[in-house]
Amino acid sequence: MKPANSKKTKNKSTEKQRPTLDLDTLAPIILTVLVAMVCLTIFLGENKGIQVHLSLPKDGIVGPYETIVFKFSEPFDPDLIADLISFTPIHEGYLEWVDTYTLQFVPTIPYEKGVTYSLKISPGEATTTGREIKKMGYWKFSLREPRITFLVTNNGQSSLWSMDIDGGSSKQLTDQSLKVMTFDVAQSGDFIIFTSANDRNGINLWRVGRDGKNASLLLDCGGDRCTTPVIAPNDKQIAYSREAVGPAPDLPFGSPRTWVLDLESGTDRPVYEDQQILGYNPSWSPNSKKLASFDGIADLIHLIDFETGEQFLFPSNTGGPVTWSPDSTKFLYTVLAQTEEGGRTQVHLADLSINKTSIFVGEKDERDYSYYSIAWSSREDRAVLSLRPNADQLTQSLWVFNPSLLDGIIIAGDPEYTYNSPQWDPWGSALLYQQFKLRGQNTPEIALWIPGYEKPRILAKGLMPHWLP
């Protein structure tokens, strides 16, 4: 049996051998370690240089107007960085400084189909204090194949569908519980805005992704009717027509007025403070700075320049669509004029750069050609116009022409059919439209025309074709 004090003696011996550190001793050691770590971090940072990350998808497949975002690990000088960025092949666009750490490239024309782009950031000074990008960055990307989207109606329901331009790989984008009325596709092709009635007899705005995912209520309009949404080409705003609910259930809705919803801030407001200014079927200029809308009571097209605040008026009594030139300085619209020979539909050209309006088509027509649907492509030399080519023909044909020469061809002119709703793709190289056979029980069809086709190709049965780039 061990002595009673043997364990105590051992513990005392162990305690004497264990080193002890107080705060006064630890403080210099901790400080030395921290200083060493800071020095090491600074050394590694100086050696590594400024890092750059891009927003490109992992598969390198982008939309036609993909904005490429550059994220830098440190504040940078945008002028110095601009000299380090290069595209192969060169593509039109501009660099936009977002904040201290962010720069983005915004294309002004769509990326070309079938082209693989290379984007390079070369090593070099990135700040005025000498901080550098030391490692070259290199990325590749190419364009995804465009699809089309359209409205399908069946048994009292209507939903959005998409498909490829070969007529295959069709996909339903909206649920049957939502009855789609009108819609528009973002120029980027990333999302769609559509309208659907609510349980208060109003009409709401909805948003859904290009793949049919993440459908969500964008704007609850209550008892108001929010219709004809049009997305600004920069994808940041939506113009639409809004009819206020009547003050009593048995009273009609108010006249339509043009509103704009900002997708970034959520601000929703009427375009004009003057409640006497009505507006329907709004149309954005390609640069997203101007907006036109039709006032059916006053027979006027109202135009506002958001950049300058200027407003313009153009007499028009057809309610037909407005279409813009690619540079946003001109637009075309239709007018029913009374001449000595009787009523004549004319196409007028408003040139905002010289503040002048002139008769573009139809000044000396011997009869009325009933011009209506009109669409200017992203190319200055290509547009389309619907017209009635023969006096005894009730239906509309489609004429593709060069606006500077007024020379073109009829691409769809079967007298058994009428054609409307033309939509150019982002490159102005292909045209979608809707056709309908007047006699018999027939469903509207979506057709595609591309230069070189012997005749247009029918893609699907449906309404309101749009490109889904």
# chains A, B, ... in the order shown; residues from 1 in each chain; ligands from 1
>>> closest_atom_pairs(of="segment 139-222 of chain A", to="segment 455-466 of chain A", cutoff="6 Å", atoms="only C-alpha atoms", output="Markdown table")
| residue | atom | partner | partner_atom | distance |
| --- | --- | --- | --- | --- |
| A:Ile148 | CA | A:His466 | CA | 5.8 |
| A:Thr149 | CA | A:His466 | CA | 5.3 |
| A:Phe150 | CA | A:Pro465 | CA | 4.6 |
| A:Leu151 | CA | A:Leu463 | CA | 4.9 |
| A:Val152 | CA | A:Gly462 | CA | 5.0 |
| A:Gly167 | CA | A:Leu459 | CA | 5.1 |
>>> residues_around(residues="Lys179 of chain A", least_positions_apart="3", cutoff="8 Å", atoms="only C-alpha atoms", output="short mmCIF file (atom, residue, chain, number, x, y, z; two decimals) with C-alpha atoms, in the first residue's frame")
data_model
loop_
_atom_site.label_atom_id
_atom_site.label_comp_id
_atom_site.auth_asym_id
_atom_site.auth_seq_id
_atom_site.Cartn_x
_atom_site.Cartn_y
_atom_site.Cartn_z
CA GLN A 157 -57.13 27.80 -72.05
CA SER A 158 -54.10 29.61 -73.44
CA SER A 159 -50.47 29.01 -72.57
CA GLN A 176 -52.62 25.74 -67.55
CA SER A 196 -53.20 36.97 -67.03
CA ALA A 197 -56.57 37.78 -65.49
#
>>> residues_around(residues="Pro249 of chain A", least_positions_apart="4", cutoff="12 Å", atoms="only C-alpha atoms", output="number ranges by chain")
A: 200-202, 223, 245, 253
>>> write_last_selection(atoms="C-alpha atoms", output="compact mmCIF listing (two decimals), in the first residue's frame")
# COMPACT_ATOMS: atom_id res chain seq x y z
CA ARG A 200 -60.94 40.71 -59.23
CA ASN A 201 -61.66 41.08 -62.94
CA GLY A 202 -58.32 42.82 -63.35
CA GLY A 223 -58.97 45.58 -60.26
CA VAL A 245 -61.20 49.89 -62.54
CA PHE A 253 -63.00 50.68 -66.95
>>> atom_distance(atom1="atom CA of Leu261 of chain A", atom2="atom CA of Lys236 of chain A")
8.7 Å
>>> closest_atom_pairs(of="segment 294-377 of chain A", to="segment 397-403 of chain A", cutoff="9 Å", atoms="only C-alpha atoms", output="tab-separated table")
residue	atom	partner	partner_atom	distance
A:Phe360	CA	A:Pro403	CA	8.9
A:Ser373	CA	A:Leu398	CA	8.6
A:Trp376	CA	A:Pro403	CA	8.6
>>> write_last_selection(atoms="C-alpha atoms", output="PDB file, in the first residue's frame")
ATOM      1  CA  PHE A 360     -42.886  57.339 -96.867  1.00  0.00           C
ATOM      2  CA  SER A 373     -48.351  45.593 -89.947  1.00  0.00           C
ATOM      3  CA  TRP A 376     -38.054  47.445 -89.279  1.00  0.00           C
TER       4      TRP A 376
END
>>> atom_distance(atom1="atom CA of Lys71 of chain A", atom2="atom CA of Thr100 of chain A")
9.5 Å
>>> residues_around(residues="Arg207 of chain A", least_positions_apart="5", cutoff="6 Å", atoms="only C-alpha atoms", output="compact mmCIF listing (two decimals) with C-alpha atoms, in the first residue's frame")
# COMPACT_ATOMS: atom_id res chain seq x y z
CA ILE A 192 -40.81 36.64 -70.72
CA ILE A 193 -43.44 39.04 -69.39
CA ALA A 215 -42.96 31.83 -62.95
CA SER A 216 -43.94 34.61 -60.55
CA LEU A 218 -44.54 40.60 -61.23
>>> atom_distance(atom1="atom CA of Leu217 of chain A", atom2="atom CA of Glu243 of chain A")
18.6 Å
>>> residues_around(residues="segment 410-427 of chain A", least_positions_apart="6", cutoff="9 Å", atoms="only C-alpha atoms", output="ChimeraX atom specification")
/A:64,109-113,146,187,372-379,383-386,389,393-401,433-439,449,455-456,463-469
>>> write_last_selection(atoms="C-alpha atoms", output="PDB file, in the first residue's frame")
ATOM      1  CA  PRO A  64     -27.247  37.475 -78.210  1.00  0.00           C
ATOM      2  CA  ILE A 109     -25.362  44.640 -81.562  1.00  0.00           C
ATOM      3  CA  PRO A 110     -26.031  40.915 -81.095  1.00  0.00           C
ATOM      4  CA  TYR A 111     -23.154  38.447 -81.064  1.00  0.00           C
ATOM      5  CA  GLU A 112     -22.829  36.644 -84.375  1.00  0.00           C
ATOM      6  CA  LYS A 113     -24.206  33.154 -84.857  1.00  0.00           C
ATOM      7  CA  PRO A 146     -32.444  30.909 -80.924  1.00  0.00           C
ATOM      8  CA  GLN A 187     -34.242  41.196 -76.016  1.00  0.00           C
ATOM      9  CA  TYR A 372     -50.833  47.991 -91.593  1.00  0.00           C
ATOM     10  CA  SER A 373     -48.351  45.593 -89.947  1.00  0.00           C
ATOM     11  CA  ILE A 374     -44.866  47.014 -90.237  1.00  0.00           C
ATOM     12  CA  ALA A 375     -41.524  46.001 -88.706  1.00  0.00           C
ATOM     13  CA  TRP A 376     -38.054  47.445 -89.279  1.00  0.00           C
ATOM     14  CA  SER A 377     -35.303  44.904 -88.641  1.00  0.00           C
ATOM     15  CA  SER A 378     -31.982  45.545 -86.885  1.00  0.00           C
ATOM     16  CA  ARG A 379     -30.592  46.171 -90.377  1.00  0.00           C
ATOM     17  CA  ALA A 383     -38.130  45.940 -93.242  1.00  0.00           C
ATOM     18  CA  VAL A 384     -41.503  44.264 -93.776  1.00  0.00           C
ATOM     19  CA  LEU A 385     -44.947  45.732 -94.463  1.00  0.00           C
ATOM     20  CA  SER A 386     -48.363  44.091 -94.796  1.00  0.00           C
ATOM     21  CA  PRO A 389     -51.766  43.786-103.345  1.00  0.00           C
ATOM     22  CA  GLN A 393     -58.260  40.687-102.509  1.00  0.00           C
ATOM     23  CA  LEU A 394     -59.483  40.974 -98.931  1.00  0.00           C
ATOM     24  CA  THR A 395     -56.403  39.464 -97.293  1.00  0.00           C
ATOM     25  CA  GLN A 396     -53.037  41.024 -96.432  1.00  0.00           C
ATOM     26  CA  SER A 397     -49.721  39.924 -97.940  1.00  0.00           C
ATOM     27  CA  LEU A 398     -46.214  40.516 -96.593  1.00  0.00           C
ATOM     28  CA  TRP A 399     -43.715  42.639 -98.522  1.00  0.00           C
ATOM     29  CA  VAL A 400     -40.036  42.574 -97.486  1.00  0.00           C
ATOM     30  CA  PHE A 401     -38.264  45.666 -98.773  1.00  0.00           C
ATOM     31  CA  TYR A 433     -45.213  35.841 -88.717  1.00  0.00           C
ATOM     32  CA  GLN A 434     -48.745  34.596 -88.175  1.00  0.00           C
ATOM     33  CA  GLN A 435     -50.994  33.365 -90.965  1.00  0.00           C
ATOM     34  CA  PHE A 436     -54.675  32.485 -90.995  1.00  0.00           C
ATOM     35  CA  LYS A 437     -56.836  30.911 -93.671  1.00  0.00           C
ATOM     36  CA  LEU A 438     -60.094  32.810 -93.956  1.00  0.00           C
ATOM     37  CA  ARG A 439     -62.336  30.033 -95.287  1.00  0.00           C
ATOM     38  CA  TRP A 449     -39.124  33.024 -93.743  1.00  0.00           C
ATOM     39  CA  LYS A 455     -41.407  29.510 -99.723  1.00  0.00           C
ATOM     40  CA  PRO A 456     -41.942  30.096 -95.980  1.00  0.00           C
ATOM     41  CA  LEU A 463     -50.629  32.922 -82.166  1.00  0.00           C
ATOM     42  CA  MET A 464     -48.397  35.968 -81.587  1.00  0.00           C
ATOM     43  CA  PRO A 465     -44.992  34.577 -82.575  1.00  0.00           C
ATOM     44  CA  HIS A 466     -41.920  36.041 -80.871  1.00  0.00           C
ATOM     45  CA  TRP A 467     -38.258  35.202 -81.063  1.00  0.00           C
ATOM     46  CA  LEU A 468     -36.727  33.673 -77.940  1.00  0.00           C
ATOM     47  CA  PRO A 469     -33.040  34.386 -78.669  1.00  0.00           C
TER      48      PRO A 469
END
>>> closest_residue(among="A:Lys290, A:Lys140, A:His91, A:Arg242", to="Gly309 of chain A", atoms="only C-alpha atoms")
A:Lys290
>>> residues_around(residues="segment 132-139 of chain A", least_positions_apart="2", cutoff="12 Å", atoms="only C-alpha atoms", output="ChimeraX atom specification")
/A:45-61,68,70,72-77,80-81,84-88,116-130,141-142
>>> write_last_selection(atoms="C-alpha atoms", output="mmCIF file, in the first residue's frame")
data_model
loop_
_atom_site.group_PDB
_atom_site.id
_atom_site.type_symbol
_atom_site.label_atom_id
_atom_site.label_comp_id
_atom_site.auth_asym_id
_atom_site.auth_seq_id
_atom_site.Cartn_x
_atom_site.Cartn_y
_atom_site.Cartn_z
ATOM 1 C CA GLY A 45 -1.048 39.672 -52.533
ATOM 2 C CA GLU A 46 1.692 41.699 -54.133
ATOM 3 C CA ASN A 47 3.014 38.602 -55.799
ATOM 4 C CA LYS A 48 -0.407 37.387 -56.950
ATOM 5 C CA GLY A 49 -1.682 40.736 -58.221
ATOM 6 C CA ILE A 50 -5.296 41.801 -58.811
ATOM 7 C CA GLN A 51 -7.626 38.889 -59.567
ATOM 8 C CA VAL A 52 -10.441 39.041 -62.167
ATOM 9 C CA HIS A 53 -13.588 36.888 -62.360
ATOM 10 C CA LEU A 54 -16.148 36.862 -65.198
ATOM 11 C CA SER A 55 -19.910 36.223 -65.174
ATOM 12 C CA LEU A 56 -19.880 33.919 -68.219
ATOM 13 C CA PRO A 57 -21.906 30.679 -67.955
ATOM 14 C CA LYS A 58 -19.863 27.567 -67.242
ATOM 15 C CA ASP A 59 -20.641 26.095 -70.640
ATOM 16 C CA GLY A 60 -19.687 29.347 -72.401
ATOM 17 C CA ILE A 61 -23.048 29.547 -74.190
ATOM 18 C CA ILE A 68 -20.284 40.316 -69.485
ATOM 19 C CA PHE A 70 -15.910 41.676 -64.678
ATOM 20 C CA PHE A 72 -12.013 42.614 -59.563
ATOM 21 C CA SER A 73 -10.502 41.649 -56.207
ATOM 22 C CA GLU A 74 -9.393 45.240 -55.584
ATOM 23 C CA PRO A 75 -10.460 48.740 -56.669
ATOM 24 C CA PHE A 76 -9.225 49.505 -60.181
ATOM 25 C CA ASP A 77 -8.866 52.330 -62.685
ATOM 26 C CA LEU A 80 -6.262 51.470 -67.429
ATOM 27 C CA ILE A 81 -8.359 48.293 -67.451
ATOM 28 C CA LEU A 84 -6.036 45.471 -71.137
ATOM 29 C CA ILE A 85 -9.330 43.968 -72.415
ATOM 30 C CA SER A 86 -9.587 42.639 -75.971
ATOM 31 C CA PHE A 87 -12.130 40.654 -78.040
ATOM 32 C CA THR A 88 -11.403 38.310 -80.933
ATOM 33 C CA THR A 116 -16.565 31.518 -81.107
ATOM 34 C CA TYR A 117 -15.423 34.659 -79.301
ATOM 35 C CA SER A 118 -12.210 34.918 -77.308
ATOM 36 C CA LEU A 119 -11.948 37.440 -74.495
ATOM 37 C CA LYS A 120 -8.549 38.266 -73.039
ATOM 38 C CA ILE A 121 -7.346 40.407 -70.142
ATOM 39 C CA SER A 122 -3.625 41.054 -70.506
ATOM 40 C CA PRO A 123 -1.242 41.613 -67.582
ATOM 41 C CA GLY A 124 -0.578 45.248 -66.793
ATOM 42 C CA GLU A 125 -1.138 48.132 -64.421
ATOM 43 C CA ALA A 126 -4.699 48.339 -63.141
ATOM 44 C CA THR A 127 -4.409 51.267 -60.710
ATOM 45 C CA THR A 128 -2.680 54.637 -60.644
ATOM 46 C CA THR A 129 -0.675 53.412 -57.625
ATOM 47 C CA GLY A 130 0.947 50.651 -59.654
ATOM 48 C CA PHE A 141 -17.908 31.875 -75.462
ATOM 49 C CA SER A 142 -20.384 31.362 -78.290
#
